[in-house]
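Colleague: Got a structure for you, final02.tsv, holding TSV, C-alpha atoms.
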chain	number	residue	atom	x	y	z
A	1015	MET	CA	-146.44	-153.89	-83.94
A	1016	SER	CA	-149.01	-152.60	-86.37
A	1017	MET	CA	-149.09	-148.85	-86.23
A	1018	SER	CA	-152.25	-148.41	-88.26
A	1019	THR	CA	-154.79	-147.83	-85.56
A	1020	PRO	CA	-158.16	-147.96	-87.21
A	1021	ILE	CA	-160.07	-144.75	-86.70
A	1022	SER	CA	-163.23	-145.63	-84.83
A	1023	PRO	CA	-166.09	-144.97	-87.21
A	1024	ILE	CA	-168.19	-141.90	-86.48
A	1025	SER	CA	-171.67	-143.25	-85.89
A	1026	PRO	CA	-174.01	-141.75	-88.45
A	1027	ILE	CA	-176.56	-139.28	-87.19
A	1028	THR	CA	-179.94	-140.73	-87.83
A	1029	ILE	CA	-182.64	-138.16	-88.40
A	1030	PRO	CA	-185.60	-139.28	-86.33
A	1031	GLU	CA	-188.75	-140.41	-88.09
A	1032	LEU	CA	-190.94	-137.50	-89.03
A	1033	SER	CA	-194.65	-137.97	-88.79
A	1034	PRO	CA	-196.37	-137.50	-92.19
A	1035	ALA	CA	-196.35	-133.87	-93.25
A	1036	GLY	CA	-199.51	-132.14	-92.23
A	1037	SER	CA	-200.68	-134.25	-89.34
A	1038	SER	CA	-198.22	-132.96	-86.75
A	1039	GLY	CA	-198.17	-129.37	-87.92
A	1040	VAL	CA	-195.47	-126.90	-87.01
A	1041	SER	CA	-194.91	-127.68	-83.34
A	1042	GLY	CA	-195.39	-130.81	-81.29
A	1043	ALA	CA	-193.31	-134.00	-81.54
A	1044	THR	CA	-190.91	-133.07	-84.37
A	1045	PRO	CA	-188.97	-130.19	-82.80
A	1046	GLY	CA	-188.58	-132.36	-79.68
A	1047	ALA	CA	-186.84	-135.08	-81.69
A	1048	PHE	CA	-184.41	-132.63	-83.30
A	1049	GLN	CA	-183.84	-131.08	-79.93
A	1050	SER	CA	-182.89	-134.34	-78.31
A	1051	VAL	CA	-180.33	-135.04	-81.05
A	1052	LEU	CA	-178.72	-131.69	-80.38
A	1053	GLU	CA	-178.89	-132.20	-76.63
A	1054	GLY	CA	-177.09	-135.51	-77.02
A	1055	LEU	CA	-174.31	-133.82	-78.96
A	1056	VAL	CA	-174.03	-130.99	-76.46
A	1057	GLY	CA	-173.66	-133.57	-73.72
A	1058	GLY	CA	-170.79	-135.19	-75.60
A	1059	VAL	CA	-169.04	-131.87	-76.11
A	1060	GLU	CA	-169.44	-130.90	-72.47
A	1061	LYS	CA	-168.05	-134.22	-71.37
A	1062	SER	CA	-164.98	-134.01	-73.57
A	1063	GLN	CA	-164.32	-130.41	-72.56
A	1064	ALA	CA	-164.63	-131.29	-68.87
A	1065	GLN	CA	-162.26	-134.19	-69.45
A	1066	ALA	CA	-159.75	-131.96	-71.21
A	1067	GLN	CA	-160.00	-129.35	-68.49
A	1068	GLN	CA	-159.42	-131.93	-65.82
A	1069	THR	CA	-156.34	-133.28	-67.64
A	1070	VAL	CA	-154.93	-129.78	-67.98
A	1071	ASN	CA	-155.52	-129.01	-64.30
A	1072	SER	CA	-153.90	-132.23	-63.24
A	1073	PHE	CA	-150.89	-131.42	-65.38
A	1074	LEU	CA	-150.61	-127.85	-64.13
A	1075	THR	CA	-150.81	-128.76	-60.45
A	1076	GLY	CA	-147.85	-131.08	-60.86
A	1077	GLY	CA	-149.71	-134.34	-61.19
A	1078	ASN	CA	-148.47	-137.34	-63.09
A	1079	GLU	CA	-150.08	-136.26	-66.35
A	1080	GLU	CA	-147.98	-136.64	-69.47
A	1081	LEU	CA	-147.82	-133.67	-71.80
A	1082	HIS	CA	-148.88	-135.74	-74.81
A	1083	SER	CA	-152.03	-136.83	-72.94
A	1084	VAL	CA	-152.89	-133.20	-72.28
A	1085	ALA	CA	-152.37	-132.34	-75.95
A	1086	LEU	CA	-154.48	-135.25	-77.18
A	1087	ALA	CA	-157.29	-134.47	-74.73
A	1088	ALA	CA	-157.30	-130.85	-75.90
A	1089	GLN	CA	-157.40	-131.91	-79.54
A	1090	ARG	CA	-160.22	-134.38	-78.96
A	1091	SER	CA	-162.26	-131.76	-77.22
A	1092	SER	CA	-161.64	-129.32	-80.06
A	1093	LEU	CA	-162.60	-131.89	-82.70
A	1094	GLU	CA	-165.69	-132.88	-80.74
A	1095	PHE	CA	-166.74	-129.26	-80.67
A	1096	ASP	CA	-166.11	-128.77	-84.40
A	1097	LEU	CA	-168.13	-131.88	-85.10
A	1098	PHE	CA	-170.93	-130.58	-82.95
A	1099	LEU	CA	-170.90	-127.28	-84.79
A	1100	GLN	CA	-171.11	-128.91	-88.21
A	1101	VAL	CA	-173.83	-131.31	-87.13
A	1102	ARG	CA	-175.80	-128.53	-85.51
A	1103	ASN	CA	-175.66	-126.53	-88.72
A	1104	LYS	CA	-176.84	-129.53	-90.70
A	1105	VAL	CA	-179.64	-130.34	-88.27
A	1106	VAL	CA	-180.83	-126.75	-88.21
A	1107	SER	CA	-180.84	-126.47	-92.00
A	1108	ALA	CA	-182.62	-129.83	-92.29
A	1109	TYR	CA	-185.20	-128.60	-89.80
A	1110	GLN	CA	-185.69	-125.40	-91.73
A	1111	GLU	CA	-186.10	-127.34	-94.94
A	1112	VAL	CA	-188.69	-129.56	-93.37
A	1113	MET	CA	-190.53	-126.52	-92.12
A	1114	ARG	CA	-190.49	-125.04	-95.61
A	1115	MET	CA	-192.24	-128.06	-97.03
A	1116	GLN	CA	-195.63	-127.40	-98.41
A	1117	VAL	CA	-198.25	-129.23	-96.45
B	201	MET	CA	-167.96	-139.82	-79.95
B	202	LEU	CA	-164.42	-138.78	-80.59
B	203	GLU	CA	-163.14	-139.69	-77.15
B	204	ASN	CA	-161.22	-142.59	-78.61
B	205	ALA	CA	-159.41	-140.62	-81.28
B	206	GLY	CA	-155.73	-141.54	-81.13
B	207	THR	CA	-156.15	-143.78	-78.09
B	208	GLY	CA	-153.97	-146.59	-79.43
B	209	ILE	CA	-151.16	-144.20	-80.23
B	210	GLU	CA	-151.53	-142.45	-76.88
B	211	ARG	CA	-151.14	-145.77	-75.14
B	212	TYR	CA	-147.96	-146.48	-77.09
B	213	MET	CA	-146.62	-143.05	-76.18
B	214	ASN	CA	-147.33	-143.74	-72.51
B	215	LEU	CA	-145.25	-146.90	-72.74
B	216	LEU	CA	-142.41	-145.07	-74.48
B	217	SER	CA	-142.43	-142.40	-71.77
B	218	ALA	CA	-142.42	-144.98	-69.01
B	219	SER	CA	-139.51	-146.80	-70.66
B	220	GLN	CA	-137.54	-143.58	-71.07
B	221	LYS	CA	-137.96	-142.79	-67.39
B	222	LEU	CA	-136.50	-146.16	-66.50
B	223	VAL	CA	-133.61	-145.69	-68.94
B	224	ALA	CA	-132.85	-142.34	-67.26
B	225	SER	CA	-133.00	-144.08	-63.91
B	226	ASN	CA	-130.64	-146.82	-65.11
B	227	ILE	CA	-128.17	-144.25	-66.40
B	228	ALA	CA	-128.30	-142.25	-63.16
B	229	ASN	CA	-127.62	-145.47	-61.23
B	230	VAL	CA	-124.88	-146.85	-63.46
B	231	ASP	CA	-122.45	-146.84	-60.52
B	232	THR	CA	-124.85	-147.69	-57.71
B	233	PRO	CA	-123.86	-150.96	-56.06
B	234	GLY	CA	-126.53	-153.64	-56.27
B	235	TYR	CA	-128.76	-151.72	-58.68
B	236	LYS	CA	-130.49	-153.83	-61.37
B	237	ALA	CA	-131.46	-152.28	-64.72
B	238	LYS	CA	-135.19	-152.04	-65.42
B	239	ASP	CA	-137.33	-151.50	-68.51
B	240	ILE	CA	-140.89	-151.88	-69.82
B	241	ASP	CA	-141.94	-155.10	-71.53
B	242	PHE	CA	-143.70	-153.63	-74.56
B	243	GLN	CA	-145.04	-156.92	-75.85
B	244	SER	CA	-146.86	-157.87	-72.69
B	245	GLU	CA	-148.11	-154.36	-71.95
B	246	LEU	CA	-149.59	-153.98	-75.44
B	247	ALA	CA	-151.08	-157.47	-75.32
B	248	SER	CA	-152.92	-156.67	-72.11
B	249	GLN	CA	-156.55	-155.62	-72.46
B	250	PHE	CA	-156.36	-152.65	-70.17
B	251	ASP	CA	-154.53	-149.42	-70.71
B	252	ASN	CA	-152.48	-149.57	-67.55
B	253	LEU	CA	-151.69	-146.11	-66.23
B	254	ALA	CA	-148.54	-147.44	-64.58
B	255	PRO	CA	-146.88	-150.04	-66.81
B	256	ALA	CA	-144.88	-152.55	-64.84
B	257	ALA	CA	-141.15	-152.05	-64.65
B	258	LYS	CA	-139.36	-155.34	-65.10
B	259	GLU	CA	-135.74	-156.22	-64.54
B	260	VAL	CA	-133.81	-156.56	-67.76
B	261	THR	CA	-132.56	-160.08	-68.46
B	262	GLY	CA	-129.32	-161.13	-70.02
B	263	LEU	CA	-127.11	-158.47	-68.49
B	264	LYS	CA	-123.71	-159.07	-66.97
B	265	THR	CA	-123.38	-158.22	-63.31
B	266	LYS	CA	-120.32	-156.30	-62.24
B	267	ASN	CA	-118.38	-156.85	-59.03
B	268	ASP	CA	-120.46	-154.39	-57.06
B	269	GLY	CA	-123.73	-156.11	-57.99
B	270	ASN	CA	-124.69	-153.47	-60.56
B	271	ASN	CA	-125.76	-154.74	-64.00
B	272	VAL	CA	-126.36	-151.54	-65.98
B	273	ASP	CA	-124.94	-151.76	-69.50
B	274	MET	CA	-124.28	-148.23	-70.73
B	275	ASP	CA	-124.31	-149.24	-74.39
B	276	ARG	CA	-127.72	-150.79	-74.01
B	277	GLU	CA	-129.07	-147.73	-72.21
B	278	ALA	CA	-127.70	-145.40	-74.88
B	279	ARG	CA	-129.39	-147.47	-77.56
B	280	ARG	CA	-132.70	-147.52	-75.66
B	281	LEU	CA	-132.51	-143.76	-75.16
B	282	ALA	CA	-132.21	-143.15	-78.90
B	283	GLU	CA	-134.81	-145.78	-79.80
B	284	ASN	CA	-137.49	-144.45	-77.46
B	285	SER	CA	-136.86	-140.92	-78.68
B	286	LEU	CA	-137.23	-141.86	-82.34
B	287	ARG	CA	-140.29	-144.03	-81.82
B	288	PHE	CA	-141.91	-141.23	-79.86
B	289	ALA	CA	-141.32	-138.87	-82.79
B	290	VAL	CA	-142.97	-141.39	-85.12
B	291	ALA	CA	-145.95	-141.76	-82.77
B	292	THR	CA	-146.37	-138.01	-82.57
B	293	ASN	CA	-146.52	-137.75	-86.34
B	294	LEU	CA	-149.01	-140.60	-86.58
B	295	ALA	CA	-151.24	-138.98	-83.98
B	296	ARG	CA	-151.12	-135.66	-85.77
B	297	SER	CA	-152.03	-137.26	-89.06
B	298	GLU	CA	-154.94	-139.15	-87.49
B	299	LEU	CA	-156.25	-135.95	-85.94
B	300	ALA	CA	-155.82	-134.10	-89.22
B	301	THR	CA	-157.81	-136.78	-91.04
B	302	LEU	CA	-160.62	-136.51	-88.52
B	303	ARG	CA	-160.60	-132.77	-88.78
B	304	SER	CA	-160.84	-132.77	-92.55
B	305	ALA	CA	-163.62	-135.37	-92.39
B	306	ILE	CA	-165.55	-133.12	-90.05
B	307	GLU	CA	-165.01	-130.02	-92.13
B	308	GLU	CA	-165.82	-131.80	-95.33
B	309	GLY	CA	-169.49	-131.17	-94.77
B	310	LYS	CA	-169.17	-127.44	-94.30
B	311	THR	CA	-172.07	-125.64	-95.93
B	312	SER	CA	-171.14	-122.07	-95.00
C	23	MET	CA	-143.63	-139.55	-62.28
C	24	SER	CA	-144.10	-137.97	-65.65
C	25	LEU	CA	-141.38	-137.36	-68.21
C	26	PHE	CA	-140.57	-134.14	-66.39
C	27	GLY	CA	-139.72	-136.17	-63.33
C	28	SER	CA	-137.09	-138.08	-65.24
C	29	LEU	CA	-135.27	-134.78	-65.77
C	30	SER	CA	-134.80	-134.69	-61.98
C	31	VAL	CA	-133.56	-138.26	-62.05
C	32	SER	CA	-130.88	-137.40	-64.60
C	33	ALA	CA	-129.99	-134.25	-62.68
C	34	SER	CA	-129.44	-136.35	-59.57
C	35	GLY	CA	-127.15	-138.58	-61.62
C	36	MET	CA	-125.12	-135.59	-62.76
C	37	SER	CA	-124.88	-134.31	-59.22
C	38	ALA	CA	-123.75	-137.66	-57.83
C	39	GLN	CA	-121.10	-138.18	-60.51
C	40	ARG	CA	-119.85	-134.67	-59.94
C	41	THR	CA	-119.47	-135.27	-56.21
C	42	ARG	CA	-117.58	-138.43	-57.02
C	43	ALA	CA	-115.32	-136.58	-59.46
C	44	GLU	CA	-114.64	-133.86	-56.90
C	45	LEU	CA	-113.52	-136.40	-54.33
C	46	LEU	CA	-111.33	-138.19	-56.85
C	47	VAL	CA	-109.70	-134.92	-57.85
C	48	GLU	CA	-109.10	-134.16	-54.19
C	49	ASN	CA	-107.46	-137.56	-53.80
C	50	LEU	CA	-105.24	-137.01	-56.79
C	51	ALA	CA	-104.23	-133.53	-55.69
C	52	ASN	CA	-103.31	-134.86	-52.23
C	53	ALA	CA	-101.58	-138.04	-53.29
C	54	GLU	CA	-98.38	-136.92	-51.63
C	55	THR	CA	-99.78	-134.87	-48.76
C	56	THR	CA	-98.08	-135.93	-45.55
C	57	ARG	CA	-99.39	-133.22	-43.29
C	58	THR	CA	-103.04	-132.35	-42.61
C	59	PRO	CA	-104.80	-130.16	-40.00
C	60	GLU	CA	-106.21	-133.32	-38.40
C	61	GLY	CA	-102.72	-134.70	-38.09
C	62	GLY	CA	-101.15	-137.43	-40.14
C	63	PRO	CA	-101.21	-137.88	-43.89
C	64	TYR	CA	-104.17	-137.22	-46.20
C	65	ARG	CA	-106.76	-139.98	-46.05
C	66	ARG	CA	-108.34	-141.21	-49.25
C	67	LYS	CA	-112.00	-140.33	-49.64
C	68	ASP	CA	-114.59	-142.35	-51.50
C	69	VAL	CA	-118.26	-141.87	-52.20
C	70	VAL	CA	-121.13	-144.32	-51.83
C	71	PHE	CA	-123.96	-144.19	-54.35
C	72	GLU	CA	-127.41	-145.12	-53.27
C	73	GLU	CA	-130.68	-145.48	-55.16
C	74	ASP	CA	-132.99	-142.61	-54.22
C	75	PRO	CA	-136.69	-143.29	-54.98
C	76	SER	CA	-137.85	-139.89	-53.83
C	77	VAL	CA	-136.21	-138.07	-56.73
C	78	GLY	CA	-138.51	-136.81	-59.44
C	79	SER	CA	-141.87	-137.62	-57.94
C	80	PHE	CA	-144.09	-134.68	-57.18
C	81	SER	CA	-146.26	-136.43	-54.68
C	82	SER	CA	-145.16	-139.48	-52.81
C	83	GLU	CA	-148.64	-140.95	-52.40
C	84	LEU	CA	-149.16	-140.96	-56.14
C	85	THR	CA	-145.79	-142.62	-56.68
C	86	SER	CA	-146.39	-145.48	-54.31
C	87	ALA	CA	-149.93	-145.96	-55.57
C	88	MET	CA	-148.81	-146.17	-59.16
C	89	GLY	CA	-145.81	-148.32	-58.35
C	90	SER	CA	-143.34	-146.11	-60.14
C	91	SER	CA	-139.94	-147.68	-59.88
C	92	ALA	CA	-137.80	-145.13	-61.63
C	93	SER	CA	-135.47	-143.66	-59.07
C	94	GLY	CA	-132.66	-141.20	-58.92
C	95	VAL	CA	-129.32	-141.59	-57.22
C	96	ALA	CA	-127.74	-139.92	-54.23
C	97	ALA	CA	-124.11	-139.74	-53.18
C	98	SER	CA	-125.23	-140.61	-49.72
C	99	GLN	CA	-122.00	-141.05	-47.84
C	100	THR	CA	-118.40	-140.07	-48.02
C	101	ILE	CA	-116.16	-142.79	-46.71
C	102	VAL	CA	-112.75	-141.90	-45.40
C	103	ASP	CA	-110.11	-144.56	-45.61
C	104	ASN	CA	-108.80	-144.81	-42.07
C	105	SER	CA	-106.59	-147.82	-42.55
C	106	GLU	CA	-102.89	-147.73	-41.91
C	107	PRO	CA	-101.11	-145.34	-44.25
C	108	TYR	CA	-98.02	-146.27	-46.26
C	109	ARG	CA	-94.82	-145.73	-44.42
C	110	ARG	CA	-91.67	-144.93	-46.27
C	111	TYR	CA	-88.26	-144.67	-44.79
C	112	MET	CA	-87.16	-141.05	-45.28
C	113	PRO	CA	-85.18	-139.93	-42.23
C	114	GLY	CA	-84.48	-136.41	-43.49
C	115	HIS	CA	-88.17	-135.59	-44.14
C	116	PRO	CA	-89.72	-132.89	-41.87
C	117	ASP	CA	-92.67	-135.20	-41.12
C	118	ALA	CA	-90.54	-138.23	-40.28
C	119	ASP	CA	-91.29	-139.89	-36.97
C	120	GLN	CA	-88.64	-141.08	-34.48
C	121	GLU	CA	-87.75	-144.15	-36.55
C	122	GLY	CA	-87.41	-142.07	-39.71
C	123	TYR	CA	-90.58	-143.24	-41.38
C	124	VAL	CA	-92.97	-140.87	-43.11
C	125	ALA	CA	-96.64	-141.75	-43.47
C	126	PHE	CA	-97.93	-141.25	-47.02
C	127	PRO	CA	-101.52	-141.34	-48.26
C	128	LYS	CA	-102.73	-144.67	-49.52
C	129	ILE	CA	-103.65	-143.44	-52.95
C	130	ASN	CA	-103.07	-145.16	-56.28
C	131	PRO	CA	-103.22	-142.31	-58.80
C	132	ALA	CA	-103.70	-144.59	-61.80
C	133	GLU	CA	-106.76	-146.16	-60.19
C	134	ASP	CA	-108.27	-142.81	-59.31
C	135	MET	CA	-107.61	-141.48	-62.80
C	136	VAL	CA	-109.56	-144.38	-64.30
C	137	ASP	CA	-112.35	-143.76	-61.79
C	138	LEU	CA	-112.37	-140.14	-62.79
C	139	MET	CA	-112.87	-141.13	-66.42
C	140	GLY	CA	-115.73	-143.32	-65.30
C	141	ALA	CA	-117.32	-140.43	-63.42
C	142	SER	CA	-116.92	-138.23	-66.47
C	143	ARG	CA	-118.56	-140.81	-68.73
C	144	GLY	CA	-121.38	-141.23	-66.24
C	145	TYR	CA	-121.89	-137.49	-66.11
C	146	GLU	CA	-122.06	-137.22	-69.90
C	147	ALA	CA	-124.50	-140.09	-70.13
C	148	ASN	CA	-126.86	-138.27	-67.78
C	149	VAL	CA	-126.55	-135.15	-69.91
C	150	ALA	CA	-127.48	-137.22	-72.98
C	151	ALA	CA	-130.51	-138.59	-71.13
C	152	ILE	CA	-131.72	-135.09	-70.31
C	153	SER	CA	-131.31	-134.11	-73.93
C	154	ALA	CA	-133.30	-137.09	-75.21
C	155	VAL	CA	-136.12	-136.55	-72.72
C	156	LYS	CA	-136.26	-132.86	-73.53
C	157	ASP	CA	-136.56	-133.86	-77.17
C	158	MET	CA	-139.54	-136.08	-76.43
C	159	ILE	CA	-141.30	-133.38	-74.44
C	160	GLN	CA	-140.84	-130.93	-77.29
C	161	LYS	CA	-142.24	-133.46	-79.74
C	162	SER	CA	-145.35	-133.67	-77.55
C	163	LEU	CA	-145.78	-129.95	-78.02
C	164	ASP	CA	-146.24	-130.59	-81.73
C	165	LEU	CA	-149.47	-132.36	-80.87
C	166	PHE	CA	-150.98	-129.04	-79.92
C	167	ARG	CA	-150.83	-127.80	-83.49
Rewrite the structure of this file - the entire thing - as structure tokens.
Modeller:
Amino acid sequence: MSMSTPISPISPITIPELSPAGSSGVSGATPGAFQSVLEGLVGGVEKSQAQAQQTVNSFLTGGNEELHSVALAAQRSSLEFDLFLQVRNKVVSAYQEVMRMQV
Amino acid sequence: MLENAGTGIERYMNLLSASQKLVASNIANVDTPGYKAKDIDFQSELASQFDNLAPAAKEVTGLKTKNDGNNVDMDREARRLAENSLRFAVATNLARSELATLRSAIEEGKTS
Amino acid sequence: MSLFGSLSVSASGMSAQRTRAELLVENLANAETTRTPEGGPYRRKDVVFEEDPSVGSFSSELTSAMGSSASGVAASQTIVDNSEPYRRYMPGHPDADQEGYVAFPKINPAEDMVDLMGASRGYEANVAAISAVKDMIQKSLDLFR
């Protein structure tokens, strides 16, 4: 059997369309779009952490969980969180750069 | 987004674990009258669409049955024991390397 | 049953083979015993192995739901051979009956020795299984790094 499992591609983060500089001003639609991107990522992190927690609990209370499943769930959750952190940093710095733009 | 990281390998490891349990069971029952040796059919389990949490245990074919109805072949079980162990070690290493690749891809974009 | 459960399965195998070995040793030691507290010569003992599905599963509902078919083994019964013992003509023997015959245990030491070797091999195989499974579990721990 082929052991090279293709890594599922990480879907690129698309920065939402910004309205032309000047017309929207500082607040309004733009921060909302950035916010929803971050909220989506937070949701993903929460889900994977809940999943990992549930796997660990099942293992600890003597369920039928295999140890390697627990380890992989923990690693996924950790990677998901790291990804979130990096993306958040990028999004925040992109936001700040946009805000710095001269009107 | 990363919930499928290492899923293929995890599935293979589940099958190896299930097989090893049956090998242990076969060895424990080597002298049980009427006991038939069981194992996992890797080909059919991997071909199936769904990641079955409980892979089906099938009776092993081609074994000689002894006078008491038992057909466990100790040489076969010893071989399966070693094989499952080694393949599991390979799978572990593959999973680690996949996770390491993902991790370095994520940290590649570090600005701070 | 997870991999940990299979440790219990192998342990049950070791236990069953050990029981079998103990009975065989008892047979061999008493191959010439003509006098027992119950009266009569020593009677050969044998063990019956039976598949035991309850070994190694933490919760029985989960096991039946998931159709796990790995099972341990139990030395469920000890069978005593109550058939007619061998009678040898030895008139001077303290345990001779009125006709001068002494009842001896119906034990074939060569057969029981071979069985004992079988029990020993079975025991060692279970030990090897535990070792291999322990190895796999430890490899899983590497995934945490």
Colleague: When you get a sec, could you note down which chain A residues fall within 9 Å of chain C, using all atoms listed in the file, as a list in words?
Modeller: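 Selected residues: Gly1076, Gly1077, Asn1078, Glu1079, Glu1080, Leu1081, His1082, Ser1083, Val1084, Ala1085, Leu1086, Ala1088 and Gln1089 of chain A.
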Colleague: Mind giving me the straight-line distance from CA of Lys1061 (chain A) to CA of Leu1099 (chain A) in Å, one decimal?
Modeller: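 So the two atoms, CA of Lys1061 (chain A) and CA of Leu1099 (chain A), lie 15.4 Å apart.
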Colleague: For region 59-73 of chain C, find every residue with an atom within 8 Å (counting only C-alpha atoms), except residues of its own chain fewer than 6 positions away, and show them as a VMD selection string.
Modeller: (chain B and resid 229 231 to 233 235) or (chain C and resid 38 41 to 42 45 to 46 49 52 to 53 93 to 104 107 125 to 129)
Colleague: Mind writing the picked residues with C-alpha atoms as a PDB file, keeping the file's coordinate frame?
Modeller:
ATOM      1  CA  ASN B 229    -127.620-145.470 -61.230  1.00  0.00           C
ATOM      2  CA  ASP B 231    -122.450-146.840 -60.520  1.00  0.00           C
ATOM      3  CA  THR B 232    -124.850-147.690 -57.710  1.00  0.00           C
ATOM      4  CA  PRO B 233    -123.860-150.960 -56.060  1.00  0.00           C
ATOM      5  CA  TYR B 235    -128.760-151.720 -58.680  1.00  0.00           C
TER       6      TYR B 235
ATOM      7  CA  ALA C  38    -123.750-137.660 -57.830  1.00  0.00           C
ATOM      8  CA  THR C  41    -119.470-135.270 -56.210  1.00  0.00           C
ATOM      9  CA  ARG C  42    -117.580-138.430 -57.020  1.00  0.00           C
ATOM     10  CA  LEU C  45    -113.520-136.400 -54.330  1.00  0.00           C
ATOM     11  CA  LEU C  46    -111.330-138.190 -56.850  1.00  0.00           C
ATOM     12  CA  ASN C  49    -107.460-137.560 -53.800  1.00  0.00           C
ATOM     13  CA  ASN C  52    -103.310-134.860 -52.230  1.00  0.00           C
ATOM     14  CA  ALA C  53    -101.580-138.040 -53.290  1.00  0.00           C
ATOM     15  CA  SER C  93    -135.470-143.660 -59.070  1.00  0.00           C
ATOM     16  CA  GLY C  94    -132.660-141.200 -58.920  1.00  0.00           C
ATOM     17  CA  VAL C  95    -129.320-141.590 -57.220  1.00  0.00           C
ATOM     18  CA  ALA C  96    -127.740-139.920 -54.230  1.00  0.00           C
ATOM     19  CA  ALA C  97    -124.110-139.740 -53.180  1.00  0.00           C
ATOM     20  CA  SER C  98    -125.230-140.610 -49.720  1.00  0.00           C
ATOM     21  CA  GLN C  99    -122.000-141.050 -47.840  1.00  0.00           C
ATOM     22  CA  THR C 100    -118.400-140.070 -48.020  1.00  0.00           C
ATOM     23  CA  ILE C 101    -116.160-142.790 -46.710  1.00  0.00           C
ATOM     24  CA  VAL C 102    -112.750-141.900 -45.400  1.00  0.00           C
ATOM     25  CA  ASP C 103    -110.110-144.560 -45.610  1.00  0.00           C
ATOM     26  CA  ASN C 104    -108.800-144.810 -42.070  1.00  0.00           C
ATOM     27  CA  PRO C 107    -101.110-145.340 -44.250  1.00  0.00           C
ATOM     28  CA  ALA C 125     -96.640-141.750 -43.470  1.00  0.00           C
ATOM     29  CA  PHE C 126     -97.930-141.250 -47.020  1.00  0.00           C
ATOM     30  CA  PRO C 127    -101.520-141.340 -48.260  1.00  0.00           C
ATOM     31  CA  LYS C 128    -102.730-144.670 -49.520  1.00  0.00           C
ATOM     32  CA  ILE C 129    -103.650-143.440 -52.950  1.00  0.00           C
TER      33      ILE C 129
END
Colleague: Report the closest atom pair, with its distance in Å rounded to one decimal, for each residue of chain B that has an atom no farther than 12 Å from chain A; count all atoms listed in the file, sort by chain and then rising residue number, and write it as CSV.
Modeller:
residue,atom,partner,partner_atom,distance
B:Met201,CA,A:Ile1024,CA,6.9
B:Leu202,CA,A:Glu1094,CA,6.0
B:Glu203,CA,A:Arg1090,CA,6.3
B:Asn204,CA,A:Ser1022,CA,7.2
B:Ala205,CA,A:Arg1090,CA,6.7
B:Gly206,CA,A:Leu1086,CA,7.5
B:Thr207,CA,A:Thr1019,CA,8.6
B:Gly208,CA,A:Thr1019,CA,6.3
B:Ile209,CA,A:Thr1019,CA,7.4
B:Glu210,CA,A:Ser1083,CA,6.9
B:Arg211,CA,A:Ser1083,CA,9.2
B:Tyr212,CA,A:Met1017,CA,9.5
B:Met213,CA,A:His1082,CA,7.8
B:Asn214,CA,A:Glu1080,CA,7.8
B:Leu215,CA,A:Glu1080,CA,11.1
B:Leu216,CA,A:Glu1080,CA,11.3
B:Ser217,CA,A:Glu1080,CA,8.3
B:Ala218,CA,A:Glu1080,CA,10.0
B:Lys221,CA,A:Glu1080,CA,11.9
B:Phe242,CA,A:Met1015,CA,9.8
B:Gln243,CA,A:Met1015,CA,8.8
B:Ser244,CA,A:Met1015,CA,11.9
B:Leu246,CA,A:Met1015,CA,9.1
B:Ala247,CA,A:Met1015,CA,10.4
B:Leu253,CA,A:Asn1078,CA,9.9
B:Ala254,CA,A:Asn1078,CA,10.2
B:Arg287,CA,A:Met1017,CA,11.0
B:Phe288,CA,A:His1082,CA,10.2
B:Ala289,CA,A:His1082,CA,11.4
B:Val290,CA,A:Met1017,CA,9.7
B:Ala291,CA,A:Met1017,CA,8.5
B:Thr292,CA,A:His1082,CA,8.5
B:Asn293,CA,A:Met1017,CA,11.4
B:Leu294,CA,A:Met1017,CA,8.3
B:Ala295,CA,A:Leu1086,CA,8.4
B:Arg296,CA,A:Leu1086,CA,9.2
B:Ser297,CA,A:Ser1018,CA,11.2
B:Glu298,CA,A:Ile1021,CA,7.6
B:Leu299,CA,A:Gln1089,CA,7.7
B:Ala300,CA,A:Leu1093,CA,9.7
B:Thr301,CA,A:Ile1021,CA,9.4
B:Leu302,CA,A:Leu1093,CA,7.7
B:Arg303,CA,A:Leu1093,CA,6.5
B:Ser304,CA,A:Leu1093,CA,10.0
B:Ala305,CA,A:Leu1097,CA,9.3
B:Ile306,CA,A:Leu1097,CA,5.7
B:Glu307,CA,A:Gln1100,CA,7.3
B:Glu308,CA,A:Gln1100,CA,9.3
B:Gly309,CA,A:Gln1100,CA,7.1
B:Lys310,CA,A:Gln1100,CA,6.6
B:Thr311,CA,A:Lys1104,CA,8.1
B:Ser312,CA,A:Asn1103,CA,8.9
Colleague: Work out how far CA of Val1105 (chain A) is from CA of Glu1053 (chain A), in Å to one decimal.
Modeller: 11.8 Å
Colleague: Nearest to Ser225 (chain B) among B:Asp268, B:Glu245, B:Asp239, B:Asp275, with distances taken over only C-alpha atoms: which residue is it?
Modeller: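 Checking each of B:Asp268, B:Glu245, B:Asp239, B:Asp275 against Ser225 (chain B), counting only C-alpha atoms, the winner is B:Asp239.
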Colleague: List as an MDAnalysis selection string the residues having at least one atom at most 7 Å from position (-135.2, -136.4, -77.7) as given in the file, counting all atoms listed in the file.
Modeller: (chainID B and resid 285) or (chainID C and resid 153:158)
Colleague: Distance CA of Arg40 (chain C)-CA of Ser219 (chain B), one decimal place?
Modeller: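 Value for the CA of Arg40 (chain C)-CA of Ser219 (chain B) distance: 25.5 Å.
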